[in-house]
Structure formats: C-alpha cells, structure tokens
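J.: What follows is the file entry.txt, containing compact mmCIF, C-alpha atoms:
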# COMPACT_ATOMS: atom_id res chain seq x y z
CA MET A 1 0.00 0.00 0.00
CA LEU A 2 2.84 2.38 0.83
CA LEU A 3 4.36 1.77 -2.60
CA ILE A 4 1.07 2.74 -4.25
CA LEU A 5 0.96 6.00 -2.27
CA GLU A 6 4.62 6.72 -3.10
CA LYS A 7 3.92 6.32 -6.82
CA THR A 8 0.82 8.49 -6.70
CA PRO A 9 1.41 11.81 -8.50
CA VAL A 10 1.40 14.93 -6.30
CA TRP A 11 -1.56 16.41 -8.19
CA VAL A 12 -3.76 13.57 -6.89
CA PHE A 13 -3.08 14.60 -3.29
CA ILE A 14 -3.78 18.23 -4.20
CA LEU A 15 -7.06 17.18 -5.83
CA PHE A 16 -7.94 15.16 -2.72
CA GLY A 17 -7.37 18.24 -0.55
CA ILE A 18 -9.46 20.45 -2.84
CA LEU A 19 -12.31 17.92 -2.90
CA LEU A 20 -12.14 17.51 0.87
CA MET A 21 -12.43 21.29 1.33
CA PHE A 22 -15.23 21.34 -1.24
CA GLY A 23 -17.01 18.60 0.71
CA TYR A 24 -16.51 20.42 4.01
CA VAL A 25 -18.17 23.52 2.54
CA GLN A 26 -21.17 21.33 1.65
CA SER A 27 -21.54 20.43 5.33
CA ARG A 28 -22.33 24.04 6.29
CA ASP A 29 -25.56 25.98 5.73
CA ARG A 30 -24.99 28.60 3.05
CA THR A 31 -26.76 31.12 0.87
CA LEU A 32 -25.91 30.92 -2.82
CA SER A 33 -27.02 32.37 -6.12
CA TYR A 34 -28.52 30.01 -8.68
CA ARG A 35 -25.23 29.73 -10.58
CA GLN A 36 -23.19 29.19 -7.42
CA ALA A 37 -25.62 26.48 -6.28
CA LEU A 38 -25.13 24.62 -9.56
CA LEU A 39 -21.34 24.63 -9.30
CA MET A 40 -20.88 21.58 -7.04
CA PRO A 41 -23.33 19.22 -8.76
CA TYR A 42 -22.04 20.12 -12.23
CA ALA A 43 -18.39 19.81 -11.15
CA MET A 44 -18.97 16.35 -9.67
CA PHE A 45 -21.01 15.33 -12.73
CA LEU A 46 -18.06 16.27 -14.97
CA PHE A 47 -15.57 14.55 -12.63
CA SER A 48 -17.57 11.35 -13.03
CA LEU A 49 -17.80 11.70 -16.83
CA TYR A 50 -14.06 12.28 -16.96
CA GLY A 51 -13.59 9.07 -14.96
CA VAL A 52 -15.45 7.03 -17.56
CA LEU A 53 -13.83 8.64 -20.60
CA ALA A 54 -10.31 8.54 -19.15
CA SER A 55 -10.64 4.92 -18.05
CA PHE A 56 -12.56 3.38 -20.93
CA GLY A 57 -13.06 5.94 -23.71
CA TRP A 58 -16.18 6.33 -25.79
CA GLY A 59 -18.44 3.37 -26.47
CA TYR A 60 -20.73 1.01 -24.61
CA THR A 61 -19.32 2.15 -21.27
CA LEU A 62 -20.71 5.63 -21.89
CA LEU A 63 -24.14 4.08 -22.46
CA LEU A 64 -23.89 2.28 -19.11
CA TRP A 65 -22.82 5.54 -17.50
CA VAL A 66 -26.06 7.08 -18.78
CA VAL A 67 -28.06 4.13 -17.40
CA GLY A 68 -26.32 4.68 -14.06
CA ILE A 69 -27.29 8.36 -14.22
CA GLY A 70 -30.95 7.38 -14.57
CA LEU A 71 -30.70 5.11 -11.53
CA GLY A 72 -28.81 7.79 -9.60
CA ILE A 73 -31.45 10.41 -10.37
CA PHE A 74 -34.15 7.96 -9.26
CA ILE A 75 -32.34 7.36 -5.96
CA GLY A 76 -31.25 10.98 -5.53
CA MET A 77 -34.75 12.39 -5.90
CA ARG A 78 -35.81 10.22 -2.96
CA LEU A 79 -33.07 11.52 -0.64
CA SER A 80 -34.20 14.29 1.67
CA VAL A 81 -30.73 15.85 1.58
CA VAL A 82 -31.19 16.61 -2.13
CA HIS A 83 -34.31 18.64 -1.33
CA ALA A 84 -32.82 20.48 1.69
CA MET A 85 -32.94 23.96 0.19
CA VAL A 86 -35.23 26.97 0.05
CA TYR A 87 -35.47 29.59 -2.66
CA VAL A 88 -35.56 33.21 -1.43
CA PRO A 89 -37.30 35.27 -4.13
CA ALA A 90 -36.44 38.64 -2.54
CA ASN A 91 -32.77 38.35 -3.43
CA GLN A 92 -33.00 35.38 -5.84
CA THR A 93 -30.81 33.09 -3.75
CA PHE A 94 -31.00 29.61 -2.32
CA ILE A 95 -30.51 28.76 1.31
CA ILE A 96 -28.97 25.30 1.20
CA LYS A 97 -28.89 23.23 4.36
CA GLY A 98 -25.46 21.78 5.03
CA SER A 99 -24.97 18.04 5.13
CA TRP A 100 -22.02 15.71 5.56
CA PHE A 101 -23.73 13.45 3.00
CA TRP A 102 -22.25 15.49 0.14
CA CYS A 103 -18.74 15.39 1.61
CA ALA A 104 -19.02 11.62 2.03
CA LEU A 105 -20.30 11.22 -1.53
CA ILE A 106 -17.48 13.38 -2.94
CA MET A 107 -14.86 11.42 -0.98
CA LEU A 108 -16.42 8.11 -2.01
CA LEU A 109 -16.28 9.14 -5.66
CA PHE A 110 -12.64 10.17 -5.23
CA CYS A 111 -11.78 6.83 -3.59
CA VAL A 112 -13.51 4.87 -6.35
CA LYS A 113 -11.75 6.93 -9.03
CA TYR A 114 -8.39 6.56 -7.26
CA SER A 115 -8.83 2.79 -6.87
CA ILE A 116 -9.74 2.42 -10.53
CA GLY A 117 -6.70 4.52 -11.47
CA VAL A 118 -4.43 2.27 -9.40
CA MET A 119 -5.92 -0.86 -10.97
CA LEU A 120 -5.48 0.57 -14.47
CA ALA A 121 -1.90 1.72 -13.75
CA ARG A 122 -0.99 -1.72 -12.41
CA GLN A 123 -2.57 -3.25 -15.52
CA LEU A 124 -4.43 -5.87 -13.51
CA GLU A 125 -6.18 -8.51 -15.62
CA VAL A 126 -9.57 -7.62 -14.20
CA VAL A 127 -9.51 -4.15 -15.83
CA HIS A 128 -9.71 -5.77 -19.26
CA THR A 129 -12.95 -7.60 -18.52
CA LEU A 130 -16.37 -6.55 -19.71
CA LEU A 131 -17.78 -6.85 -16.18
CA PHE A 132 -15.20 -4.40 -14.82
CA SER A 133 -15.68 -1.68 -17.43
CA THR A 134 -19.47 -1.92 -17.38
CA SER A 135 -19.80 -1.95 -13.60
CA VAL A 136 -17.36 0.92 -13.12
CA SER A 137 -19.18 2.98 -15.75
CA ALA A 138 -22.54 2.29 -14.12
CA VAL A 139 -21.16 3.24 -10.69
CA TYR A 140 -19.74 6.51 -12.05
CA GLY A 141 -23.15 7.15 -13.61
CA LEU A 142 -24.86 6.44 -10.29
CA PHE A 143 -22.72 9.13 -8.63
CA SER A 144 -23.48 11.54 -11.48
CA GLY A 145 -27.19 10.88 -11.20
CA ILE A 146 -27.28 11.62 -7.48
CA PHE A 147 -25.47 14.92 -8.04
CA PHE A 148 -27.69 15.68 -11.02
CA ALA A 149 -30.82 15.13 -8.90
CA ARG A 150 -29.74 18.21 -6.99
CA VAL A 151 -29.52 20.14 -10.27
CA LEU A 152 -33.09 19.10 -11.08
CA VAL A 153 -34.37 20.27 -7.70
CA LEU A 154 -32.52 23.60 -8.01
CA ARG A 155 -33.83 24.08 -11.52
CA HIS A 156 -37.39 23.24 -10.48
CA LEU A 157 -37.34 25.73 -7.59
CA HIS A 158 -35.75 28.42 -9.75
CA VAL A 159 -38.16 28.02 -12.69
CA LYS A 160 -41.19 27.76 -10.40
CA ASN A 161 -40.25 30.99 -8.68
CA GLN A 162 -39.43 32.76 -11.94
CA THR A 163 -42.87 31.79 -13.26
CA VAL A 164 -44.55 33.09 -10.09
CA LYS A 165 -42.54 36.34 -10.33
CA GLU A 166 -43.53 36.88 -13.98
CA SER A 167 -47.23 36.25 -13.34
CA VAL A 168 -47.37 38.88 -10.55
Could the structure of this file be written out as structure tokens, please?
T.:
Amino acid sequence: MLLILEKTPVWVFILFGILLMFGYVQSRDRTLSYRQALLMPYAMFLFSLYGVLASFGWGYTLLLWVVGIGLGIFIGMRLSVVHAMVYVPANQTFIIKGSWFWCALIMLLFCVKYSIGVMLARQLEVVHTLLFSTSVSAVYGLFSGIFFARVLVLRHLHVKNQTVKESV
C-alpha cells in the first residue's frame, strides 16, 4: 500500500485536498445564487464523466454511465438531503442546508476513481474484462445521477419561482 501512495502523483493529493475542502463547505448551511448552487453538482457530474472517458473511452461504457445516471437520479430524488434547500425570491438566492452526505459522496467518488486509477496503472487482468468496465461505468453514472438530482431540484425551484414572479 505504501508503494502505491509513493507512486501516486502529487496532483492527486492536491485534488484530494481540494475535494475535501469542497465537501466540508457542503456540510455548512450557506446562501448561494442560482449559478453558485449549480457549481458543485455540475463539477462532480463532470468529474464522473471524466472518470469514464479517461478509463474506458467512448463506447458502450458511456451508455452504461447514462443508465447509471438514470438510476442515480431515481435514488437521488428520494433523498431528503437533495431537497434540503429553500429559494428566497427577494434576493433570488437559495438557502442550502449543510450536510455531511455530500462530503461523504465526494470522498467516495474520489476513492472509487483513485482505486480504478491504481488498478489501471498496475494493468491488472480484471480491468480488461467486460464486467469491470461496465460496472465501473454504471457506478460513475450512479454518482453523477445523485449529483444531477440536486440540479433538477434547483432548476425546479428556480423556474417555479421565476414563473410566479412573472405572473405577478
């Protein structure tokens, strides 16, 4: 294990620190604009997509990533933490309740991505199997879907309140 850590590029540790700080921020209540509120879910969505493309390229794995997104959205929309926000029309901001769930999810995604990277770098036989590439892609999609569920909730609240504002 120590050898794996020694061979890990420095930028991976920097990324870990950035993601850990990003996750910590998610644990605190905060007031954000619509664009600011979308930053975290979109960033994690792209991190997951990058994981699939960097590991397996374009192809059937991308399709399984999309299937995983659908499942992740289905699960995410049922999590109360995804809905823990209020839109404030007066200043067009969102009050988002902090939760350690998001930090844990970000760290879990990092750990999965790191583990996959180690397995690919070591050229283990398992990484060349159909089961490996399809399951990893679906898991990355699952993460993306949970983060994207938050985008859908934000968008719904924003559009609903914009419609109410225009009709007044």
J.: Any chance you could tabulate, as a tab-separated table, the residues of range 25-63 of chain A at most 9 Å from range 101-109 of chain A with each one's nearest atom pair and distance in Å to one decimal, using all atoms listed in the file, in chain and rising number order?
T.:
residue	atom	partner	partner_atom	distance
A:Val25	CA	A:Cys103	CA	8.2
A:Gln26	CA	A:Trp102	CA	6.1
A:Ser27	CA	A:Cys103	CA	6.9
A:Met44	CA	A:Ile106	CA	7.5
A:Phe47	CA	A:Leu109	CA	8.9
A:Ser48	CA	A:Leu109	CA	7.8
J.: Report the centre and edge lengths, in Å to one decimal, of an axis-aligned box enclosing every atom of range 71-82 of chain A listed in the file, padded by 6 Å on each side, as AutoDock Vina command-line options.
T.:
--center_x -32.3 --center_y 10.9 --center_z -4.9 --size_x 19.0 --size_y 23.5 --size_z 25.2
J.: With all atoms listed in the file as the basis for distance, which of A:Ala43, A:Leu53, A:Leu124, A:Leu142 is at the shortest distance from Gly72 in chain A?
T.: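 When distances to Gly72 in chain A are compared using all atoms listed in the file, the smallest one comes from A:Leu142.
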J.: So how far away is CA of Arg155 in chain A from CA of Asp29 in chain A, in Å?
T.: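 CA of Arg155 in chain A lies at a distance of 19.2 Å from CA of Asp29 in chain A.
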J.: Mind dumping a table of every range 64-163 of chain A residue within 9 Å of range 4-15 of chain A, with the nearest atom pair and its distance in Å to one decimal, using all atoms listed in the file, sorted by chain and rising number, as CSV?
T.:
residue,atom,partner,partner_atom,distance
A:Phe110,CA,A:Leu15,CA,9.0
A:Tyr114,CA,A:Val12,CA,8.4
A:Val118,CA,A:Ile4,CA,7.5
J.: I'd like the neighbourhood of Trp65 in chain A as a count of residues only, where a residue qualifies if any of its atoms comes within 8 Å (using only C-alpha atoms), though same-chain residues fewer than 6 positions away should be ignored.
T.: 8
J.: What is the CA of Ile96 in chain A to CA of Ser33 in chain A distance in Å?
T.: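 Separation of CA of Ile96 in chain A and CA of Ser33 in chain A: 10.4 Å.
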J.: For Gly51 in chain A, find every residue with an atom within 9 Å (counting all atoms listed in the file), except residues of its own chain fewer than 5 positions away, and show them as a ChimeraX atom specification.
T.: /A:46,56,113,116-117,137,140
J.: Do you have the CA of Ile95 in chain A-CA of Thr31 in chain A distance handy?
T.: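 CA of Ile95 in chain A sits 4.5 Å away from CA of Thr31 in chain A.
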J.: Looking at A:Met40, A:Leu20, A:Ala90, A:Cys111, which one is nearest to Phe148 in chain A, with distances taken over all atoms listed in the file?
T.: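 Once distances to Phe148 in chain A are computed over all atoms listed in the file, the minimum belongs to A:Met40.
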J.: Write out as a list in words each polymer residue whose atoms come within 12 Å of range 86-88 of chain A, counting only C-alpha atoms; drop sequence neighbours fewer than 2 positions from it.
T.: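 Near neighbours after the sequence-gap exclusion: Asp29, Arg30, Thr31, Leu32, Ser33, Tyr34, Ala37, Val82, His83, Ala84, Ala90, Asn91, Gln92, Thr93, Phe94, Ile95, Ile96, Lys97, Val153, Leu154, Arg155, His156, Leu157, His158, Val159, Lys160, Asn161, Gln162 and Lys165 of chain A.
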J.: Would you please work out which residue, of A:Gln36, A:Ser135, A:Pro41, A:Glu125, is nearest to Gly23 in chain A when using all atoms listed in the file?
T.: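 Going through A:Gln36, A:Ser135, A:Pro41, A:Glu125 one by one, the smallest distance to Gly23 in chain A is for A:Pro41.
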J.: Taking all atoms listed in the file into account, which of A:Val127, A:Tyr50, A:Gly76, A:Phe147 comes nearest Ser115 in chain A?
T.: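 Of the candidates, the smallest distance to Ser115 in chain A is held by A:Val127.
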J.: For Ser80 in chain A, which residue among A:Leu19, A:Leu2, A:Leu38, A:Ile146 is the nearest when counting all atoms listed in the file?
T.: A:Ile146
